[in-house]
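Please read the structure below before turning to the comments.
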Amino acid sequence: MNIELNGECFVPEANVSTVLNLLESLGIPSTKVAVERNLEIVPKTAYGETLLVDGDKFEIVHFIGGGSQEADLASAQDDDGFVIAGKKFSSRLLVGTGKYKDFEETRVAIETSGAEIVTVAVRRVNLTDPNQPMLVDYVDPKKYTYLPNTAGCFTADDAVRTLRLAREAGGWNLVKLEVLGDQATLYPNMPETLLAAEALIKDGFDVMVYCSDDPIQAKMLEDMGCCAIMPLGSLIGSGMGILNPVNIALIKQNAKVPVLVDAGVGTASDAAVAMELGCDGVLMNTAIAGAKDPIRMARAMKHAIIAGRESFLAGRMPKKQYADPSSPLAGII
């Protein structure tokens, strides 16, 4: 019998007849993966009774690097946090799990950041070394809220398929949708994003959606039922910061769901700017993982998010055209 496994021809051993047998023969823990057979997800409960048939095409995927920490004392006292899909979060910093040198650095950076939500990508299992470490061995999904994303998807169909596999692998309904337009800019393809969002919402997903900084498109996604709107600050991984603060502010002012800046943050001041605009949170990955000292940068970002939020809540002083001395003029010697 010949099957296609993760894109390659594979001949199962003679005694391998079911999906469960296949996973066992490969040394892959069934609890840590999702299996797709001929573009249909195989429920974990059916692994033992789903037979292999000559010519079948299988995909075996897992989560890779793409929480629940006590908040800073001042933040805990003055900021009640925010709610996404009915769940309350204290930390307004969301972090990605890709680009770190190893899973241990990933773990320490996430702990230091104080983040409670971490994004994860869905990728094929390495069949040549099924015992290699997995992200779940370092970043406990019982401690952190995993947010499966569709990084690398350029069509609505691919994005929907990816997140259905993600739900099967981990059981999470809360997902981050991104449908990209091209390789050069990784700018969102909004028509495909709208199609994917509609399909996912109908399928019972709670959709946090990466989108352009267009207030009209953002409102359409909210009206469709997305649980959080995530306009880009600037291009993914660019570190250029918040290029269009006016539009970001407009999106936040018009939204009844959380608005989080996603992509483009390069340094702590960028994160503070996003929070001073009134945004509910910021998602970042490269800004921390790509720093010379990721752990120190994770700490800086944690403080920047808190400072920016405090500044927004405090209300900035009005801008003036001329100087206004802080010391009284009366009584000058």
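Identifiers for the structure tokens are assigned positionally: chains receive A, B, ... in sequence, residues are indexed from 1 per chain, and ligands are indexed from 1 in the order shown.
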As a ChimeraX atom specification, please: every residue in stretch 71-252 of chain A that a backbone DSSP assignment puts in strand (DSSP E).
/A:82-84,87-89,93-96,117-124,145-148,174-177,206-211,228-231
Shell of 6 Å around stretch 16-32 of chain A, only C-alpha atoms, local chain residues under 6 positions omitted, as a VMD selection string
chain A and resid 47 to 48 50 to 52 130
Include C-alpha atoms and write out the residues we just selected as an mmCIF file, in the first residue's frame.
data_model
loop_
_atom_site.group_PDB
_atom_site.id
_atom_site.type_symbol
_atom_site.label_atom_id
_atom_site.label_comp_id
_atom_site.auth_asym_id
_atom_site.auth_seq_id
_atom_site.Cartn_x
_atom_site.Cartn_y
_atom_site.Cartn_z
ATOM 1 C CA TYR A 47 -7.933 7.478 14.895
ATOM 2 C CA GLY A 48 -8.303 3.840 15.898
ATOM 3 C CA THR A 50 -10.026 5.118 10.423
ATOM 4 C CA LEU A 51 -8.467 2.680 7.965
ATOM 5 C CA LEU A 52 -5.624 3.510 5.612
ATOM 6 C CA PRO A 130 9.152 12.772 15.516
#
A:Leu243, A:Ala330, A:Leu260, A:Met220 ranked by distance to A:Ile305, top pick (using only C-alpha atoms):
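Using only C-alpha atoms, the shortest distance to A:Ile305 belongs to A:Leu260.
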What parts of stretch 50-281 of chain A does DSSP call alpha helix (DSSP H)? I'd like the answer as a ChimeraX atom specification.
/A:73-78,103-113,156-170,190-202,215-224,245-254,268-276
For stretch 269-277 of chain A, find every residue with an atom within 10 Å (counting only C-alpha atoms), except residues of its own chain fewer than 3 positions away, and show them as a PyMOL selection string.
chain A and resi 92-93+233+239-243+245-246+248-250+252-253+260-262+264-266+280-284+287+300-316
